[in-house]
Amino acid sequence: MNAVEIDGLTYTYPGAAQPTLHNISLNIEKGDFLAVIGNNGCGKSTLCKVLNGLIPHFITGTFQGTVLVDGVNTLESDVGELARKVGYVYQDFENQIVRPTVLDDASYSCLNYAFPDYLDRGRAALRLCGLEDREGEYVWQLSGGQTHLLALAGALSLRPDLLILDEPIAQLDPMHADRIYEVLRDLNEHHGKTIVVIEHHTEYIADYCKHVMLMKDGQVRWMLPTSQALQRVDELEECNIFPPQVTQAAHRMRRDGLLSGSGPLPVTVGDGLEAFSALRYTPSPRPVPEAPGGGAAVSFQDVSLSYRSVKGEPHTVFQNLNLEIHKGEKVALIGSNGAGKSTLMKLMVGLLKPAQGRVELFGEPIGEKKAEDLSRQISLVYQNPEEMFIKDSIRSDIAYAMQVRGREGWQERTDALLARFRLSELQDRDGRLMSGGQMRRASLAIGVALNPGILLLDEPTANLDIATRREIMAVLDDMKDIIQTAVIATHDMQLVCQWAERIIVLRGGQVVADGTRDEVFGDHEVTSLVGIRPPEIFTMGQRLDPAALCYTIDEFVDCFREVSL
Amino acid sequence: MSKLMQKLSENILDKFSMDFLRNQVLKNAYGNDDTVIAGLDPRILLAWYLFFGLIPWFVNDIPFLLGCFLLVMVTTILARVAGLVLFLFALGVFAQTGYLFLVTLFFGGDASAIAPLLILTLKVATISLASITVFSGLDPDKLSNGLMWYGCPERLSFSISYAYRMLPMLMEEFQNVLLSYRLRGNPPAHDTFPGKVRYLIYQVKIIMQSFYPLMLNTAKRSRTTVEALELRGYRYAAVNKAVKKIRLSALRVSYNDWLFLAISGLVVAVSVLLSTLI
């Protein structure tokens with residue numbers, strides 16, 4: 001029997017002119033691990049909400065066709081019964097956690113559906129997600145990855161056979177992302193769960209999923225085994241989905257006649273070893289980056305800082321930290337969640353004061369600067385753009401800092417910024433109501449409004465789908481000339497490799513590595529210690545030739561050549 | 001002297017940062033779940049509160065009130081209540097009655113006004129401390145379970161624990177919105193006295209304005225929460241009697257509870273005895 005059978009499903013949201021889902025028919029086999037892909041607004045999330053009965057029982061609208069989940073028609077069932085068959089984890093998963101402690105939240109659904117053994121069920125679910133030793137903790141003590149696992153445990157506690165996850169790893173660092181997928185694989189292989197993920201990261205799809213379904217304009221284009229699905233490079237790129245870097249590189253090389261062979265394209269690094277076996281590494285001369293000329297822009301001298309904690313001893317973030325960032329540098333700050341990246345940024349803008357030591361900005365201690373001088377010298381763009389929107393339209397948000405300072409020509413400059421970040425059309429809208437990419441562009445425009453000497457960006461590409469992420473990366477590249485010094489805290493290694501000139505690796509409040517990308521990614525000790533995962537194409541190059549240091553597909557294609565033996 | 005003043009004002013500002021407030025609220029709600037008071041049965045504690053929250057209003061006998069006051073002071077210490085709450089309590093009670101005393105003196109009263117004022121102060125203080133013991137000594141979940149046992153609707157008890165679940169998130173977000181203003185705003189210079197006043201007004205204004213983005217952000221995130229609650233069976237639980245039964249089955253009255261009631265009763269009895277002897 002199939003886990004899901006959908007026949008002729010057409011669904012229109014209340015008040016919408018066009019149907020969001022159009023004549024969908026599909027079957028999902030029991031025990032499948034299915035990835036649903038498609039660009040924004042193609043109906044992926046809507047389809048998933050049809051499966052758990054939220055549509056049409058909770059969200060009304062026009063519903064046609066039949067949906068059978070585990071043999072039960074969702075129209076004849078209700079959300080409560082379906083919740084025991086289908087577990088759902090939202091993209092903004094922290095909002096689905098409603099109880100203060102871990103065990104409480106994991107067992108909450110079971111309590112509500114009146115299972116007398118609700119605590120045992122909660123504990124069992126926590127064990128499946130590897131959180132068994134944290135059952136007494138409060139939810140805000142968990143890291144992002146653990147919070148996601150808790151949301152998963154909450155869904156698992158009702159023992160559904162089908163699990164749906166909406167972009168499970170969008171907010172996580174690579175280590176936590178691996179952890180989530182390992183848990184999912186275990187659930188799929190050893191506990192017989194059928195798993196459906198909405199996913200943009202094709203590298204993860206290639207490693208973990210069995211089938212891929214492409215959706216476009218509310219319709220299912222196709223559903224294919226993963227290795228076949230990822231071959232369709234042109235079709236995927238047309239939908240703004242980018243196949244694994246290995247596949248892209250092979251596709252490009254084959255198209256340009258640099259790689260012979262006609263078999264399927266490689267989709268994982270393992271496949272790549274075989275497909276690229278005829279290639280040899282020839283280092284191509286690379287421009288040596290100029291050493292930054294200026295003096296120190298920011299310097300930390302013996303900085304120590306700790307946070308108050310709810311119970312017990314304060315939590316120490318930094319202990320005698322010494323660090324200098326020079327004028328004109330493009331720095332990437334990397335490290336796992338909780339390594340101190342955001343704290344370091346808050347110290348730089350003077351939002352936090354060190355308990356000991358001092359932080360200097362252009363040679364002067366931060367504490368002695370006036371707020372006005374400070375905001376002209378340094379600016380911080382938050383990870384969550386919503387927290388930067390303090391006015392009711394993005395135009396007034398961008399203008400705010402200039403306006404209150406009475407800067408001459410602020411209106412013209414606002415116009416120019418709006419145009420530069422392609423926001424002119426949207427200028428009267430509230431920032432919160434825009435799409436992820438638009439919000440991010442608006443927050444960048446706000447950040448550079450005062451033309452700061454130093455720009456700090458906290459996770460500029462988190463939570464974005466790949467197409468939007470590319471767009472933001474292009475914007476950052478484009479901004480290189482208008483900002484002097486920039487620091488980005490990020491988990492996104494593709495961004496690091498394309499953009500940064502200097503990489504600082506933090507671990508537990510200590511700088512464990514500091515240098516160019518070759519120095520950091522070439523040092524296996526560091527990468528394995530901190531759990532950095534370089535871009536896939538870099539790993540591919542290394543596996544083919546340990547001397548190869550290729551960070552982008554372009555570099556890979558340039559450096560590896562077929563040699564006739 | 002001016003240096004000391006500066007240090008003091010800096011210190012106070014530092015203490016009242018959002019970070020500190022957030023920490024205190026959390027401490028108050030969850031930081032003391034291992035105290036004697038937190039270990040008591042919420043039903044017993046609520047019944048206890050009914051006595052100490054009501055009776056002092058109707059009694060004007062100083063030894064009795066003093067006895068009650070001493071008792072609730074001990075329970076407050078046992079509950080390890082967060083410093084901020086105690087500070088607000090002290091400020092509230094003594095500003096109120098201290099001000100009455102000053103007014104009395106101003107209108108020609110003398111020290112004889114102290115006795116009636118003392119009675120009022122003791123009443124207010126006893127009731128406040130009893131409230132603090134119960135509402136901040138118990139963690140929100142136990143409190144809501146206790147309320148539910150007494151027949152309060154499930155919605156109320158859910159709201160209490162949900163509010164506490166959301167508070168840390170909301171406060172963090174509020175802090176970030178405030179920081180946005182601080183980073184981008186242009187506060188008036190505050191080295192002179194009028195400047196300081198303007199700065200204070202500016203800050204109050206910013207704090208009020210920060211609520212607007214906060215509310216919109218909260219509205220946005222609650223969309224998911226509402227759907228998730230539906231999926232997690234919140235609506236089913238509200239109409240299902242069995243759920244209430246399961247939830248309340250965890251409540252147990254233990255030896256400690258009886259001991260607590262016995263000691264409270266003893267203190268009350270002794271103070272009544274003392275007041276009849278005097």
# chains A, B, ... in the order shown; residues from 1 in each chain; ligands from 1
>>> closest_atom_pairs(of="segment 234-302 of chain A", to="segment 209-220 of chain A", cutoff="12 Å", atoms="only C-alpha atoms", output="tab-separated table")
residue	atom	partner	partner_atom	distance
A:Glu235	CA	A:Leu214	CA	9.8
A:Leu236	CA	A:Leu214	CA	8.4
A:Glu237	CA	A:Leu214	CA	11.7
A:Glu238	CA	A:Lys216	CA	10.4
A:Cys239	CA	A:Lys216	CA	7.6
A:Asn240	CA	A:Lys216	CA	10.8
A:Ile241	CA	A:Leu214	CA	9.8
A:Pro243	CA	A:Val212	CA	11.9
A:Val267	CA	A:Cys209	CA	11.9
>>> write_last_selection(atoms="N, CA and C atoms", output="PDB file, in the first residue's frame")
ATOM      1  N   GLU A 235      16.963  21.715 -16.607  1.00  0.00           N
ATOM      2  CA  GLU A 235      15.592  21.861 -16.140  1.00  0.00           C
ATOM      3  C   GLU A 235      15.555  22.371 -14.700  1.00  0.00           C
ATOM      4  N   LEU A 236      16.455  21.854 -13.885  1.00  0.00           N
ATOM      5  CA  LEU A 236      16.502  22.289 -12.487  1.00  0.00           C
ATOM      6  C   LEU A 236      16.904  23.756 -12.397  1.00  0.00           C
ATOM      7  N   GLU A 237      17.919  24.122 -13.166  1.00  0.00           N
ATOM      8  CA  GLU A 237      18.391  25.500 -13.096  1.00  0.00           C
ATOM      9  C   GLU A 237      17.334  26.480 -13.570  1.00  0.00           C
ATOM     10  N   GLU A 238      16.520  26.011 -14.482  1.00  0.00           N
ATOM     11  CA  GLU A 238      15.418  26.840 -14.958  1.00  0.00           C
ATOM     12  C   GLU A 238      14.448  27.145 -13.812  1.00  0.00           C
ATOM     13  N   CYS A 239      14.312  26.212 -12.877  1.00  0.00           N
ATOM     14  CA  CYS A 239      13.446  26.429 -11.716  1.00  0.00           C
ATOM     15  C   CYS A 239      14.226  27.009 -10.541  1.00  0.00           C
ATOM     16  N   ASN A 240      15.420  27.537 -10.789  1.00  0.00           N
ATOM     17  CA  ASN A 240      16.229  28.129  -9.729  1.00  0.00           C
ATOM     18  C   ASN A 240      16.678  27.127  -8.682  1.00  0.00           C
ATOM     19  N   ILE A 241      16.892  25.894  -9.131  1.00  0.00           N
ATOM     20  CA  ILE A 241      17.434  24.899  -8.215  1.00  0.00           C
ATOM     21  C   ILE A 241      18.779  24.497  -8.757  1.00  0.00           C
ATOM     22  N   PRO A 243      21.816  21.920  -8.892  1.00  0.00           N
ATOM     23  CA  PRO A 243      22.247  20.559  -8.551  1.00  0.00           C
ATOM     24  C   PRO A 243      23.544  20.610  -7.749  1.00  0.00           C
ATOM     25  N   VAL A 267      26.573  12.598  -8.933  1.00  0.00           N
ATOM     26  CA  VAL A 267      25.791  13.466  -8.049  1.00  0.00           C
ATOM     27  C   VAL A 267      26.394  13.568  -6.656  1.00  0.00           C
TER      28      VAL A 267
END
>>> residues_around(residues="segment 317-325 of chain A", least_positions_apart="5", cutoff="9 Å", atoms="only C-alpha atoms", output="list in words")
Gly295, Ala296, Ala297, Val298, Ser299, Phe300, Gln301, Asp302, Val303, Ser304, Leu305, Ser306, Tyr307, Val331, Gly338, Ala339, Gly340, Thr343, Leu344, Pro354, Gln356, Gly357, Thr485, Val487, Gly508, Gly509, Gln510 and Val511 of chain A
>>> closest_atom_pairs(of="chain A", to="chain B", cutoff="8 Å", atoms="only C-alpha atoms", output="tab-separated table")
residue	atom	partner	partner_atom	distance
A:Leu54	CA	B:Glu227	CA	7.7
A:Val79	CA	B:Leu231	CA	6.4
A:Gly80	CA	B:Gly233	CA	6.2
A:Ala83	CA	B:Leu231	CA	5.9
A:Tyr90	CA	B:Thr224	CA	7.6
A:Asp92	CA	B:Thr224	CA	7.5
A:Asn95	CA	B:Thr225	CA	5.3
A:Gln96	CA	B:Thr225	CA	5.2
A:Ile97	CA	B:Thr225	CA	7.8
A:Val98	CA	B:Tyr162	CA	6.2
A:Arg99	CA	B:Arg165	CA	6.0
A:Pro100	CA	B:Arg165	CA	4.9
A:Tyr108	CA	B:Arg232	CA	7.3
A:Ser109	CA	B:Arg232	CA	4.6
A:Leu111	CA	B:Val243	CA	6.4
A:Asn112	CA	B:Ala237	CA	4.6
A:Tyr113	CA	B:Gly233	CA	6.2
A:Ala114	CA	B:Val243	CA	5.0
A:Pro116	CA	B:Ile246	CA	6.4
A:Trp140	CA	B:Pro168	CA	7.6
A:Arg308	CA	B:Asn23	CA	7.1
A:Ser309	CA	B:Asn23	CA	7.0
A:Val310	CA	B:Lys27	CA	5.1
A:Lys311	CA	B:Gly31	CA	5.7
A:Leu351	CA	B:Leu179	CA	7.5
A:Ala371	CA	B:Asn186	CA	7.3
A:Glu372	CA	B:Asn186	CA	6.2
A:Ser375	CA	B:Leu183	CA	6.0
A:Ser379	CA	B:Leu183	CA	7.5
A:Glu386	CA	B:Asn217	CA	6.9
A:Glu387	CA	B:Val177	CA	5.3
A:Met388	CA	B:Ser180	CA	5.9
A:Phe389	CA	B:Pro213	CA	6.9
A:Ile390	CA	B:Pro213	CA	5.7
A:Lys391	CA	B:Pro213	CA	7.6
A:Tyr400	CA	B:Arg184	CA	7.3
A:Ala401	CA	B:Arg184	CA	4.9
A:Val404	CA	B:Asn186	CA	5.9
A:Arg405	CA	B:Asn186	CA	6.1
A:Arg432	CA	B:Asn217	CA	7.6
>>> write_last_selection(atoms="C-alpha atoms", output="short mmCIF file (atom, residue, chain, number, x, y, z; two decimals), in the first residue's frame")
data_model
loop_
_atom_site.label_atom_id
_atom_site.label_comp_id
_atom_site.auth_asym_id
_atom_site.auth_seq_id
_atom_site.Cartn_x
_atom_site.Cartn_y
_atom_site.Cartn_z
CA LEU A 54 -4.76 21.42 7.90
CA VAL A 79 -6.84 16.98 11.98
CA GLY A 80 -6.63 15.04 15.22
CA ALA A 83 -1.90 14.09 13.32
CA TYR A 90 7.65 23.72 10.18
CA ASP A 92 10.13 28.26 11.50
CA ASN A 95 7.27 28.67 16.82
CA GLN A 96 5.81 25.20 17.06
CA ILE A 97 7.39 24.61 20.45
CA VAL A 98 4.85 25.73 23.02
CA ARG A 99 6.04 24.29 26.32
CA PRO A 100 8.90 25.49 28.50
CA TYR A 108 2.60 17.60 24.78
CA SER A 109 0.72 16.17 21.79
CA LEU A 111 -1.04 14.43 26.58
CA ASN A 112 -3.54 16.36 24.48
CA TYR A 113 -4.69 13.21 22.74
CA ALA A 114 -5.08 11.62 26.18
CA PRO A 116 -1.90 7.84 29.74
CA TRP A 140 15.69 28.32 25.39
CA ARG A 308 24.48 36.00 33.39
CA SER A 309 22.75 32.69 33.50
CA VAL A 310 19.43 31.79 35.06
CA LYS A 311 21.05 29.41 37.49
CA LEU A 351 26.19 46.95 22.45
CA ALA A 371 26.75 57.17 19.67
CA GLU A 372 26.67 59.41 16.64
CA SER A 375 27.13 54.64 13.97
CA SER A 379 27.07 49.29 11.25
CA GLU A 386 12.51 41.83 10.84
CA GLU A 387 14.22 43.27 13.88
CA MET A 388 15.67 46.06 11.77
CA PHE A 389 12.34 47.27 10.49
CA ILE A 390 11.33 49.93 12.97
CA LYS A 391 9.25 52.11 10.68
CA TYR A 400 15.67 56.96 9.36
CA ALA A 401 19.32 57.12 10.37
CA VAL A 404 17.41 61.99 12.40
CA ARG A 405 20.95 63.19 11.82
CA ARG A 432 7.90 42.35 7.22
#
>>> residues_around(residues="segment 189-195 of chain A", least_positions_apart="3", cutoff="7 Å", atoms="only C-alpha atoms", output="PyMOL selection string")
chain A and resi 30-34+161-164+185-186
>>> residues_around(residues="Ile504 of chain A", least_positions_apart="5", cutoff="10 Å", atoms="only C-alpha atoms", output="number ranges by chain")
A: 323, 331-335, 341, 487, 489, 511-517, 520
>>> write_last_selection(atoms="N, CA, C and O atoms", output="PDB file, in the first residue's frame")
ATOM      1  N   LEU A 323      42.499  40.133  19.151  1.00  0.00           N
ATOM      2  CA  LEU A 323      42.201  40.002  17.729  1.00  0.00           C
ATOM      3  C   LEU A 323      42.274  41.383  17.102  1.00  0.00           C
ATOM      4  O   LEU A 323      41.943  42.385  17.729  1.00  0.00           O
ATOM      5  N   VAL A 331      36.472  40.042   5.964  1.00  0.00           N
ATOM      6  CA  VAL A 331      36.691  38.961   6.920  1.00  0.00           C
ATOM      7  C   VAL A 331      35.451  38.087   7.036  1.00  0.00           C
ATOM      8  O   VAL A 331      34.333  38.594   7.111  1.00  0.00           O
ATOM      9  N   ALA A 332      35.651  36.785   7.067  1.00  0.00           N
ATOM     10  CA  ALA A 332      34.550  35.867   7.386  1.00  0.00           C
ATOM     11  C   ALA A 332      34.819  35.270   8.759  1.00  0.00           C
ATOM     12  O   ALA A 332      35.930  34.863   9.071  1.00  0.00           O
ATOM     13  N   LEU A 333      33.775  35.274   9.566  1.00  0.00           N
ATOM     14  CA  LEU A 333      33.885  34.761  10.924  1.00  0.00           C
ATOM     15  C   LEU A 333      33.106  33.456  10.935  1.00  0.00           C
ATOM     16  O   LEU A 333      31.899  33.452  10.716  1.00  0.00           O
ATOM     17  N   ILE A 334      33.786  32.338  11.137  1.00  0.00           N
ATOM     18  CA  ILE A 334      33.042  31.079  11.108  1.00  0.00           C
ATOM     19  C   ILE A 334      33.238  30.303  12.406  1.00  0.00           C
ATOM     20  O   ILE A 334      34.111  30.612  13.218  1.00  0.00           O
ATOM     21  N   GLY A 335      32.419  29.287  12.579  1.00  0.00           N
ATOM     22  CA  GLY A 335      32.428  28.490  13.807  1.00  0.00           C
ATOM     23  C   GLY A 335      31.009  28.023  14.053  1.00  0.00           C
ATOM     24  O   GLY A 335      30.071  28.620  13.549  1.00  0.00           O
ATOM     25  N   LYS A 341      30.227  34.151  17.729  1.00  0.00           N
ATOM     26  CA  LYS A 341      30.293  35.044  16.573  1.00  0.00           C
ATOM     27  C   LYS A 341      29.438  36.298  16.766  1.00  0.00           C
ATOM     28  O   LYS A 341      29.915  37.417  16.600  1.00  0.00           O
ATOM     29  N   VAL A 487      32.844  42.502   7.831  1.00  0.00           N
ATOM     30  CA  VAL A 487      32.972  41.241   8.561  1.00  0.00           C
ATOM     31  C   VAL A 487      31.649  40.502   8.424  1.00  0.00           C
ATOM     32  O   VAL A 487      30.596  41.074   8.680  1.00  0.00           O
ATOM     33  N   ALA A 489      29.601  37.052   9.643  1.00  0.00           N
ATOM     34  CA  ALA A 489      29.538  35.823  10.426  1.00  0.00           C
ATOM     35  C   ALA A 489      28.624  34.880   9.679  1.00  0.00           C
ATOM     36  O   ALA A 489      27.501  35.246   9.356  1.00  0.00           O
ATOM     37  N   VAL A 511      40.007  31.973  19.177  1.00  0.00           N
ATOM     38  CA  VAL A 511      40.342  31.957  17.752  1.00  0.00           C
ATOM     39  C   VAL A 511      41.226  30.745  17.517  1.00  0.00           C
ATOM     40  O   VAL A 511      42.333  30.683  18.028  1.00  0.00           O
ATOM     41  N   VAL A 512      40.729  29.751  16.783  1.00  0.00           N
ATOM     42  CA  VAL A 512      41.540  28.554  16.580  1.00  0.00           C
ATOM     43  C   VAL A 512      42.240  28.554  15.230  1.00  0.00           C
ATOM     44  O   VAL A 512      43.164  27.778  15.019  1.00  0.00           O
ATOM     45  N   ALA A 513      41.807  29.404  14.315  1.00  0.00           N
ATOM     46  CA  ALA A 513      42.513  29.515  13.051  1.00  0.00           C
ATOM     47  C   ALA A 513      42.220  30.881  12.475  1.00  0.00           C
ATOM     48  O   ALA A 513      41.164  31.460  12.725  1.00  0.00           O
ATOM     49  N   ASP A 514      43.167  31.401  11.721  1.00  0.00           N
ATOM     50  CA  ASP A 514      43.034  32.756  11.215  1.00  0.00           C
ATOM     51  C   ASP A 514      43.932  32.844   9.993  1.00  0.00           C
ATOM     52  O   ASP A 514      45.142  32.683  10.104  1.00  0.00           O
ATOM     53  N   GLY A 515      43.361  33.060   8.824  1.00  0.00           N
ATOM     54  CA  GLY A 515      44.215  33.162   7.645  1.00  0.00           C
ATOM     55  C   GLY A 515      43.411  33.169   6.369  1.00  0.00           C
ATOM     56  O   GLY A 515      42.200  33.365   6.384  1.00  0.00           O
ATOM     57  N   THR A 516      44.084  32.930   5.271  1.00  0.00           N
ATOM     58  CA  THR A 516      43.398  32.880   3.989  1.00  0.00           C
ATOM     59  C   THR A 516      42.641  31.554   3.885  1.00  0.00           C
ATOM     60  O   THR A 516      42.806  30.673   4.716  1.00  0.00           O
ATOM     61  N   ARG A 517      41.859  31.422   2.835  1.00  0.00           N
ATOM     62  CA  ARG A 517      41.076  30.192   2.712  1.00  0.00           C
ATOM     63  C   ARG A 517      41.971  28.981   2.540  1.00  0.00           C
ATOM     64  O   ARG A 517      41.679  27.900   3.024  1.00  0.00           O
ATOM     65  N   VAL A 520      43.124  27.983   5.962  1.00  0.00           N
ATOM     66  CA  VAL A 520      42.105  27.400   6.834  1.00  0.00           C
ATOM     67  C   VAL A 520      41.595  26.070   6.286  1.00  0.00           C
ATOM     68  O   VAL A 520      41.606  25.053   6.979  1.00  0.00           O
TER      69      VAL A 520
END
>>> residues_around(residues="Leu47 of chain A", least_positions_apart="5", cutoff="12 Å", atoms="only C-alpha atoms", output="JSON, numbers by chain")
{"A": [4, 6, 9, 10, 11, 12, 13, 19, 20, 21, 22, 23, 24, 25, 26, 36, 37, 38, 41, 42, 52, 53, 54, 55, 56, 63, 67, 164, 166, 196, 197, 198, 213, 215, 218, 219, 220]}
>>> write_last_selection(atoms="N, CA, C and O atoms", output="compact mmCIF listing (two decimals), in the first residue's frame")
# COMPACT_ATOMS: atom_id res chain seq x y z
N VAL A 4 0.82 7.62 0.67
CA VAL A 4 -0.03 8.73 0.25
C VAL A 4 -0.52 8.46 -1.17
O VAL A 4 0.25 8.02 -2.02
N ILE A 6 -2.75 10.62 -4.00
CA ILE A 6 -3.48 11.84 -4.32
C ILE A 6 -4.02 11.71 -5.73
O ILE A 6 -3.30 11.28 -6.64
N LEU A 9 -6.06 16.45 -7.41
CA LEU A 9 -6.20 17.48 -6.37
C LEU A 9 -6.03 18.88 -6.96
O LEU A 9 -5.01 19.19 -7.59
N THR A 10 -7.04 19.71 -6.75
CA THR A 10 -6.94 21.12 -7.11
C THR A 10 -7.37 21.91 -5.89
O THR A 10 -8.41 21.61 -5.30
N TYR A 11 -6.54 22.87 -5.48
CA TYR A 11 -6.87 23.61 -4.27
C TYR A 11 -6.63 25.10 -4.49
O TYR A 11 -5.61 25.51 -5.03
N THR A 12 -7.60 25.90 -4.06
CA THR A 12 -7.48 27.35 -4.15
C THR A 12 -7.63 27.94 -2.75
O THR A 12 -8.58 27.60 -2.04
N TYR A 13 -6.70 28.78 -2.34
CA TYR A 13 -6.81 29.45 -1.04
C TYR A 13 -8.02 30.38 -1.05
O TYR A 13 -8.39 30.90 -2.09
N PRO A 19 -5.78 28.78 -8.59
CA PRO A 19 -5.50 27.66 -7.68
C PRO A 19 -4.00 27.56 -7.38
O PRO A 19 -3.18 27.80 -8.26
N THR A 20 -3.67 27.25 -6.12
CA THR A 20 -2.26 27.07 -5.75
C THR A 20 -1.77 25.70 -6.16
O THR A 20 -0.63 25.51 -6.57
N LEU A 21 -2.66 24.70 -6.05
CA LEU A 21 -2.33 23.35 -6.50
C LEU A 21 -3.27 23.02 -7.65
O LEU A 21 -4.47 23.26 -7.56
N HIS A 22 -2.70 22.51 -8.72
CA HIS A 22 -3.52 22.34 -9.91
C HIS A 22 -3.46 20.90 -10.39
O HIS A 22 -2.44 20.44 -10.88
N ASN A 23 -4.56 20.17 -10.24
CA ASN A 23 -4.70 18.83 -10.79
C ASN A 23 -3.51 17.94 -10.49
O ASN A 23 -2.84 17.45 -11.40
N ILE A 24 -3.26 17.72 -9.20
CA ILE A 24 -2.12 16.90 -8.81
C ILE A 24 -2.56 15.47 -8.56
O ILE A 24 -3.55 15.23 -7.87
N SER A 25 -1.83 14.54 -9.17
CA SER A 25 -2.06 13.13 -8.88
C SER A 25 -0.70 12.51 -8.61
O SER A 25 0.22 12.66 -9.41
N LEU A 26 -0.57 11.86 -7.48
CA LEU A 26 0.72 11.20 -7.21
C LEU A 26 0.57 10.16 -6.13
O LEU A 26 -0.39 10.17 -5.35
N VAL A 36 11.01 17.18 -1.99
CA VAL A 36 10.15 17.99 -2.85
C VAL A 36 10.91 19.27 -3.15
O VAL A 36 11.34 19.97 -2.23
N ILE A 37 11.10 19.55 -4.43
CA ILE A 37 11.83 20.76 -4.80
C ILE A 37 10.96 21.63 -5.72
O ILE A 37 9.96 21.16 -6.26
N GLY A 38 11.36 22.85 -5.88
CA GLY A 38 10.62 23.78 -6.72
C GLY A 38 10.90 25.18 -6.21
O GLY A 38 11.32 25.35 -5.07
N GLY A 41 6.88 29.66 -3.98
CA GLY A 41 5.53 29.88 -4.44
C GLY A 41 5.02 28.84 -5.41
O GLY A 41 4.02 29.05 -6.07
N CYS A 42 5.69 27.69 -5.50
CA CYS A 42 5.21 26.68 -6.44
C CYS A 42 4.20 25.75 -5.79
O CYS A 42 3.66 24.86 -6.43
N ASN A 52 -1.49 16.73 5.96
CA ASN A 52 -1.82 16.58 7.38
C ASN A 52 -3.21 17.11 7.72
O ASN A 52 -3.56 17.23 8.88
N GLY A 53 -3.98 17.44 6.70
CA GLY A 53 -5.38 17.78 6.94
C GLY A 53 -5.62 19.21 7.37
O GLY A 53 -6.77 19.61 7.57
N LEU A 54 -4.54 20.00 7.57
CA LEU A 54 -4.76 21.42 7.90
C LEU A 54 -5.60 22.04 6.78
O LEU A 54 -6.47 22.85 7.02
N ILE A 55 -5.28 21.64 5.55
CA ILE A 55 -6.14 21.94 4.42
C ILE A 55 -6.93 20.67 4.15
O ILE A 55 -6.30 19.62 4.01
N PRO A 56 -8.22 20.63 4.10
CA PRO A 56 -9.15 21.76 4.17
C PRO A 56 -9.81 21.94 5.56
O PRO A 56 -10.74 22.71 5.66
N PHE A 63 -11.54 22.93 -2.51
CA PHE A 63 -10.78 21.69 -2.50
C PHE A 63 -11.47 20.68 -3.39
O PHE A 63 -12.64 20.37 -3.21
N VAL A 67 -7.53 12.81 -1.39
CA VAL A 67 -6.22 12.60 -0.80
C VAL A 67 -6.35 11.48 0.21
O VAL A 67 -7.13 11.57 1.15
N ILE A 164 6.78 14.92 7.68
CA ILE A 164 7.01 15.97 6.69
C ILE A 164 7.86 17.05 7.33
O ILE A 164 7.53 17.52 8.42
N ASP A 166 9.63 20.81 6.56
CA ASP A 166 9.74 21.94 5.65
C ASP A 166 11.10 22.60 5.85
O ASP A 166 11.35 23.18 6.90
N VAL A 196 9.13 12.92 3.99
CA VAL A 196 9.04 13.88 2.90
C VAL A 196 9.72 15.16 3.38
O VAL A 196 9.38 15.69 4.43
N VAL A 197 10.73 15.63 2.65
CA VAL A 197 11.37 16.90 3.01
C VAL A 197 11.22 17.88 1.86
O VAL A 197 11.29 17.51 0.69
N ILE A 198 10.96 19.13 2.23
CA ILE A 198 11.06 20.20 1.25
C ILE A 198 12.49 20.70 1.39
O ILE A 198 12.90 21.08 2.49
N MET A 213 10.88 14.98 -6.21
CA MET A 213 9.71 15.44 -6.94
C MET A 213 9.87 16.92 -7.25
O MET A 213 10.13 17.71 -6.36
N MET A 215 8.22 20.38 -8.43
CA MET A 215 6.94 21.06 -8.60
C MET A 215 7.16 22.38 -9.29
O MET A 215 8.15 23.05 -9.07
N GLY A 218 2.30 24.97 -9.21
CA GLY A 218 1.20 24.22 -8.62
C GLY A 218 0.99 22.84 -9.22
O GLY A 218 -0.02 22.20 -8.95
N GLN A 219 1.93 22.40 -10.03
CA GLN A 219 1.78 21.07 -10.62
C GLN A 219 3.02 20.25 -10.37
O GLN A 219 4.12 20.80 -10.17
N VAL A 220 2.85 18.93 -10.41
CA VAL A 220 4.01 18.07 -10.28
C VAL A 220 4.59 17.86 -11.66
O VAL A 220 3.93 17.36 -12.55
>>> atom_distance(atom1="atom CA of Glu519 of chain A", atom2="atom CA of Gln171 of chain A")
26.8 Å
>>> atom_distance(atom1="atom CA of Val81 of chain B", atom2="atom CA of Gly137 of chain B")
6.6 Å
>>> residues_around(residues="segment 48-53 of chain B", least_positions_apart="2", cutoff="8 Å", atoms="only C-alpha atoms", output="ChimeraX atom specification")
/B:44-46,55-57,68,126-128,130-131,134,261
>>> atom_distance(atom1="atom CA of Val267 of chain B", atom2="atom CA of Arg80 of chain B")
20.9 Å
>>> residues_around(residues="Tyr208 of chain A", least_positions_apart="4", cutoff="9 Å", atoms="only C-alpha atoms", output="VMD selection string")
chain A and resid 33 181 to 182 184 to 185 203 to 204
